[in-house]
Number of protein chains: 2
Amino acid sequence: MAHDSSKGARAAIPSPTVARLPVYHRALLSLAQNNADTVSSIDLALAVGVNAATLRRDLSRLGSIGTRGTGYDVSHLLARVESALALDRTWMIAIVGLGNLGKALARSEGFNSEDFRVGALIDVNPTIVGTRIGGIVVEDLDSLERVVKSERVSLGVITTTGAAAQDVATRLCHAGVGAILNFAPAHVSGPQGVVIRHVDLGSELKVLAHYGARALQQHPSSS
Amino acid sequence: MAHDSSKGARAAIPSPTVARLPVYHRALLSLAQNNADTVSSIDLALAVGVNAATLRRDLSRLGSIGTRGTGYDVSHLLARVESALALDRTWMIAIVGLGNLGKALARSEGFNSEDFRVGALIDVNPTIVGTRIGGIVVEDLDSLERVVKSERVSLGVITTTGAAAQDVATRLCHAGVGAILNFAPAHVSGPQGVVIRHVDLGSELKVLAHYGARALQQHPSSS
DNA sequence: CAGTGTGAAAATTTTCACAGCG
DNA sequence: CGCTGTGAAAATTTTCACACTG
């Protein structure tokens, strides 16, 4: 993980903290819906499966404002977390590669919410280009830059094969996206400045196998 | 992350290392296909985007056997990595929740390979129960334990709503799975011994927004 | 007095740098 | 000589524990 420039900006938030913020966000939304006014670090930590001290340290990075003796004001904290996650705008997303996963994401709630919206779908397969998925027309690869610009896309999602991934990433960066989520089974890199995150479901399964083997070694299934 | 029992077993592999093993695995497969006999830590590290010292340290945990002056024997190393990931058997998977994502995973290559195979599909929706996805009949929730046992499933994948996730996790653990991959937007826990990993695509998007905002702040898109 | 914010300690992970082997 | 394996240092992250505040 080498993306903490910490050059001009004010103190970057450590990446483990950034990774936990969405989890806090979710829990806070749920609390807000239950009309909770305040939460203590202990209760919130318990709900999300994190140590309370870690939670407090994380929140203090947001210039947090809890109340000693009481806890955190739910709606105030929610606002702070949303601000840290930059959820004060709607992010336009381009999905490149419309296989099983790409299609599923394009239709998913998370990608069609208040915070995120699919603005472009790209594929190389002529059979798919021109069709609509979730109301958006699939464009071909050469239209990538044009569509990214016209739809003001700033986040790219790669769900292509591993072989195509680097080329797509390069095009997305060139077109001006600010960050990329890569689901393709390949390491891709981009110019310094664009953050690229990797989520490889195949790898996740293999990690699971490693731990599963250890677990089953101790509790051999009763069959 | 609190799952390093390190009680009876021989030295557990640190979780950051476990998370990188699948990435090395992928790169090694590709090298093997290109008929490469050996790789140096530097070349392999470059290919996967990791520091060479980190890579060497990771491999040394596998009781690694590189050759000084030459590098690592590709096929030997591949075998070691596969052994550490427990890929010497076919893992049966149960997918619970067949919405967009669940269906996509059920049909994906990664879940229908030599290492992993879908053995059970479960959903609560009566419209879906009884249909086939990728040749497997979808069963209802009450059949979970029975099917997990009869199909010798040892890994569970949760792709339900957040609200249903904990109940499903509990049932999976009770049925005897060794590890769970949770895609539902909720924190779930299980008995000590079962490793539960969380992959939340919604959270990933929010993390991306955070970094995207920082990137765009410095390179405001030219439109 | 309940509960935050944070020094300081502990634990973990990464990285350097080099001895030593093939 | 080139490259691994690893002591030791550095960097990062987590956790404890408590002073302090509303």
# chains A, B, ... in the order shown; residues from 1 in each chain; ligands from 1
$ interface_residues --of "chain D" --to "chain B" --cutoff "7 Å" --atoms "only C-alpha atoms (C1' of nucleotides)" --output "list in words"
DG2, DC3 and DT4 of chain D
$ closest_atom_pairs --of "chain A" --to "chain B" --cutoff "6 Å" --atoms "only C-alpha atoms" --output "CSV"
residue,atom,partner,partner_atom,distance
A:Pro22,CA,B:Ser203,CA,5.2
A:Val48,CA,B:His187,CA,5.7
A:Leu85,CA,B:His210,CA,4.5
A:Ala86,CA,B:His210,CA,5.5
A:Asn100,CA,B:Ala104,CA,4.8
A:Leu101,CA,B:Ala104,CA,5.6
A:Ala104,CA,B:Asn100,CA,4.9
A:Gly110,CA,B:Gly202,CA,5.5
A:Gly176,CA,B:Ser221,CA,5.9
A:Gly178,CA,B:Gly212,CA,4.5
A:Ala179,CA,B:Gly212,CA,4.9
A:His187,CA,B:Val48,CA,5.7
A:Gly193,CA,B:Ala215,CA,5.8
A:Gly202,CA,B:Gly110,CA,5.5
A:Ser203,CA,B:Pro22,CA,5.2
A:His210,CA,B:Leu85,CA,4.5
A:Gly212,CA,B:Gly178,CA,4.5
A:Ala215,CA,B:Gly178,CA,5.3
A:Leu216,CA,B:Gly178,CA,5.6
A:Ser221,CA,B:Gly176,CA,6.0
$ write_last_selection --atoms "N, CA, C and O atoms" --output "PDB file, in the first residue's frame"
ATOM      1  N   PRO A  22     -16.602   2.857   6.149  1.00  0.00           N
ATOM      2  CA  PRO A  22     -17.890   2.442   5.587  1.00  0.00           C
ATOM      3  C   PRO A  22     -18.659   1.526   6.533  1.00  0.00           C
ATOM      4  O   PRO A  22     -19.892   1.525   6.537  1.00  0.00           O
ATOM      5  N   VAL A  48     -19.941  -3.503  15.228  1.00  0.00           N
ATOM      6  CA  VAL A  48     -19.182  -3.690  13.993  1.00  0.00           C
ATOM      7  C   VAL A  48     -18.011  -4.650  14.141  1.00  0.00           C
ATOM      8  O   VAL A  48     -17.291  -4.900  13.175  1.00  0.00           O
ATOM      9  N   LEU A  85     -15.781  10.254   3.737  1.00  0.00           N
ATOM     10  CA  LEU A  85     -15.894   9.333   2.610  1.00  0.00           C
ATOM     11  C   LEU A  85     -16.295  10.060   1.327  1.00  0.00           C
ATOM     12  O   LEU A  85     -16.481   9.429   0.288  1.00  0.00           O
ATOM     13  N   ALA A  86     -16.446  11.345   1.423  1.00  0.00           N
ATOM     14  CA  ALA A  86     -16.820  12.150   0.256  1.00  0.00           C
ATOM     15  C   ALA A  86     -18.162  11.712  -0.326  1.00  0.00           C
ATOM     16  O   ALA A  86     -18.340  11.638  -1.546  1.00  0.00           O
ATOM     17  N   ASN A 100     -20.699 -12.057 -16.059  1.00  0.00           N
ATOM     18  CA  ASN A 100     -21.576 -12.326 -14.916  1.00  0.00           C
ATOM     19  C   ASN A 100     -21.491 -11.234 -13.861  1.00  0.00           C
ATOM     20  O   ASN A 100     -22.494 -10.656 -13.453  1.00  0.00           O
ATOM     21  N   LEU A 101     -20.252 -10.965 -13.427  1.00  0.00           N
ATOM     22  CA  LEU A 101     -20.068 -10.022 -12.328  1.00  0.00           C
ATOM     23  C   LEU A 101     -20.413  -8.598 -12.726  1.00  0.00           C
ATOM     24  O   LEU A 101     -21.132  -7.900 -11.998  1.00  0.00           O
ATOM     25  N   ALA A 104     -24.075  -8.116 -12.846  1.00  0.00           N
ATOM     26  CA  ALA A 104     -24.656  -8.127 -11.502  1.00  0.00           C
ATOM     27  C   ALA A 104     -24.417  -6.793 -10.809  1.00  0.00           C
ATOM     28  O   ALA A 104     -25.322  -6.230 -10.184  1.00  0.00           O
ATOM     29  N   GLY A 110     -26.248  -1.074  -4.683  1.00  0.00           N
ATOM     30  CA  GLY A 110     -25.121  -0.249  -4.275  1.00  0.00           C
ATOM     31  C   GLY A 110     -24.611   0.659  -5.384  1.00  0.00           C
ATOM     32  O   GLY A 110     -24.136   1.768  -5.131  1.00  0.00           O
ATOM     33  N   GLY A 176      -9.374  10.089 -17.246  1.00  0.00           N
ATOM     34  CA  GLY A 176      -9.492  11.019 -16.130  1.00  0.00           C
ATOM     35  C   GLY A 176     -10.197  10.552 -14.879  1.00  0.00           C
ATOM     36  O   GLY A 176     -10.563  11.369 -14.040  1.00  0.00           O
ATOM     37  N   GLY A 178     -10.667   9.102 -11.107  1.00  0.00           N
ATOM     38  CA  GLY A 178      -9.862   9.390  -9.923  1.00  0.00           C
ATOM     39  C   GLY A 178      -9.451   8.153  -9.170  1.00  0.00           C
ATOM     40  O   GLY A 178      -8.468   8.170  -8.418  1.00  0.00           O
ATOM     41  N   ALA A 179     -10.176   7.067  -9.338  1.00  0.00           N
ATOM     42  CA  ALA A 179      -9.853   5.833  -8.625  1.00  0.00           C
ATOM     43  C   ALA A 179     -10.481   4.657  -9.357  1.00  0.00           C
ATOM     44  O   ALA A 179     -11.478   4.813 -10.074  1.00  0.00           O
ATOM     45  N   HIS A 187      -2.788  -8.027 -11.575  1.00  0.00           N
ATOM     46  CA  HIS A 187      -2.333  -6.802 -10.923  1.00  0.00           C
ATOM     47  C   HIS A 187      -2.279  -5.710 -11.971  1.00  0.00           C
ATOM     48  O   HIS A 187      -1.678  -5.893 -13.021  1.00  0.00           O
ATOM     49  N   GLY A 193      -1.137   8.957  -8.385  1.00  0.00           N
ATOM     50  CA  GLY A 193      -2.240   9.902  -8.244  1.00  0.00           C
ATOM     51  C   GLY A 193      -3.575   9.198  -8.343  1.00  0.00           C
ATOM     52  O   GLY A 193      -4.526   9.556  -7.664  1.00  0.00           O
ATOM     53  N   GLY A 202     -11.709 -14.680  -6.674  1.00  0.00           N
ATOM     54  CA  GLY A 202     -11.011 -15.961  -6.723  1.00  0.00           C
ATOM     55  C   GLY A 202      -9.990 -16.063  -5.596  1.00  0.00           C
ATOM     56  O   GLY A 202      -9.877 -17.103  -4.930  1.00  0.00           O
ATOM     57  N   SER A 203      -9.279 -14.985  -5.352  1.00  0.00           N
ATOM     58  CA  SER A 203      -8.306 -14.987  -4.263  1.00  0.00           C
ATOM     59  C   SER A 203      -8.992 -15.147  -2.916  1.00  0.00           C
ATOM     60  O   SER A 203      -8.499 -15.849  -2.039  1.00  0.00           O
ATOM     61  N   HIS A 210      -7.645 -21.786   2.761  1.00  0.00           N
ATOM     62  CA  HIS A 210      -6.555 -21.893   3.739  1.00  0.00           C
ATOM     63  C   HIS A 210      -7.094 -21.968   5.159  1.00  0.00           C
ATOM     64  O   HIS A 210      -6.718 -22.840   5.937  1.00  0.00           O
ATOM     65  N   GLY A 212     -10.225 -22.493   6.058  1.00  0.00           N
ATOM     66  CA  GLY A 212     -11.157 -23.613   6.189  1.00  0.00           C
ATOM     67  C   GLY A 212     -10.426 -24.901   6.514  1.00  0.00           C
ATOM     68  O   GLY A 212     -10.861 -25.687   7.354  1.00  0.00           O
ATOM     69  N   ALA A 215      -9.565 -24.935  10.101  1.00  0.00           N
ATOM     70  CA  ALA A 215     -10.729 -25.129  10.957  1.00  0.00           C
ATOM     71  C   ALA A 215     -11.168 -26.591  10.948  1.00  0.00           C
ATOM     72  O   ALA A 215     -11.447 -27.165  12.009  1.00  0.00           O
ATOM     73  N   LEU A 216     -11.214 -27.178   9.762  1.00  0.00           N
ATOM     74  CA  LEU A 216     -11.724 -28.540   9.651  1.00  0.00           C
ATOM     75  C   LEU A 216     -10.761 -29.556  10.264  1.00  0.00           C
ATOM     76  O   LEU A 216     -11.168 -30.652  10.655  1.00  0.00           O
ATOM     77  N   SER A 221     -15.670 -32.554  10.303  1.00  0.00           N
ATOM     78  CA  SER A 221     -17.123 -32.607  10.101  1.00  0.00           C
ATOM     79  C   SER A 221     -17.692 -33.969  10.455  1.00  0.00           C
ATOM     80  O   SER A 221     -17.147 -35.009  10.118  1.00  0.00           O
TER      81      SER A 221
END
$ interface_residues --of "chain C" --to "chain B" --cutoff "7 Å" --atoms "only C-alpha atoms (C1' of nucleotides)" --output "list in words"
DT14, DT15, DC21 and DG22 of chain C
$ atom_distance --atom1 "CA of Leu172 (chain B)" --atom2 "CA of Val124 (chain B)"
14.7 Å
$ residues_around --residues "Ala164 (chain A)" --least-positions-apart "3" --cutoff "12 Å" --atoms "only C-alpha atoms (C1' of nucleotides)" --output "list in words"
Val96, Gly97, Asp123, Val124, Leu141, Ile158, Thr159, Thr160, Thr161, Asp167, Val168, Ala169, Thr170, Arg171, Asn182, Phe183, Ala184, Pro185, Ala186, His187 and Val188 of chain A
$ select_by_dssp --residues "region 44-106 of chain A" --states "alpha helix (DSSP H)" --output "ChimeraX atom specification"
/A:44-48,52-60,74-84,100-106
$ decode --residues "chain C" --atoms "C-alpha atoms (C1' of nucleotides)" --output "PDB file, in the first residue's frame"
ATOM      1  C1'  DC C   1     -19.398   9.025  37.004  1.00  0.00           C
ATOM      2  C1'  DA C   2     -19.617   7.488  32.361  1.00  0.00           C
ATOM      3  C1'  DG C   3     -17.183   7.752  28.425  1.00  0.00           C
ATOM      4  C1'  DT C   4     -13.966  10.429  25.177  1.00  0.00           C
ATOM      5  C1'  DG C   5      -9.392  11.467  23.515  1.00  0.00           C
ATOM      6  C1'  DT C   6      -4.733  10.264  23.633  1.00  0.00           C
ATOM      7  C1'  DG C   7       0.088   9.412  25.624  1.00  0.00           C
ATOM      8  C1'  DA C   8       2.652   5.447  25.778  1.00  0.00           C
ATOM      9  C1'  DA C   9       3.361   0.429  25.367  1.00  0.00           C
ATOM     10  C1'  DA C  10       2.747  -3.574  22.738  1.00  0.00           C
ATOM     11  C1'  DA C  11       2.115  -6.048  18.683  1.00  0.00           C
ATOM     12  C1'  DT C  12       2.474  -6.589  14.025  1.00  0.00           C
ATOM     13  C1'  DT C  13       4.175  -5.808   9.488  1.00  0.00           C
ATOM     14  C1'  DT C  14       7.347  -3.928   6.221  1.00  0.00           C
ATOM     15  C1'  DT C  15      11.689  -2.840   4.628  1.00  0.00           C
ATOM     16  C1'  DC C  16      16.666  -2.479   4.636  1.00  0.00           C
ATOM     17  C1'  DA C  17      20.906  -4.467   4.174  1.00  0.00           C
ATOM     18  C1'  DC C  18      24.001  -8.026   4.133  1.00  0.00           C
ATOM     19  C1'  DA C  19      26.039 -12.600   5.370  1.00  0.00           C
ATOM     20  C1'  DG C  20      26.462 -16.626   3.059  1.00  0.00           C
ATOM     21  C1'  DC C  21      25.326 -20.184  -0.332  1.00  0.00           C
ATOM     22  C1'  DG C  22      25.136 -22.366  -4.997  1.00  0.00           C
TER      23       DG C  22
END
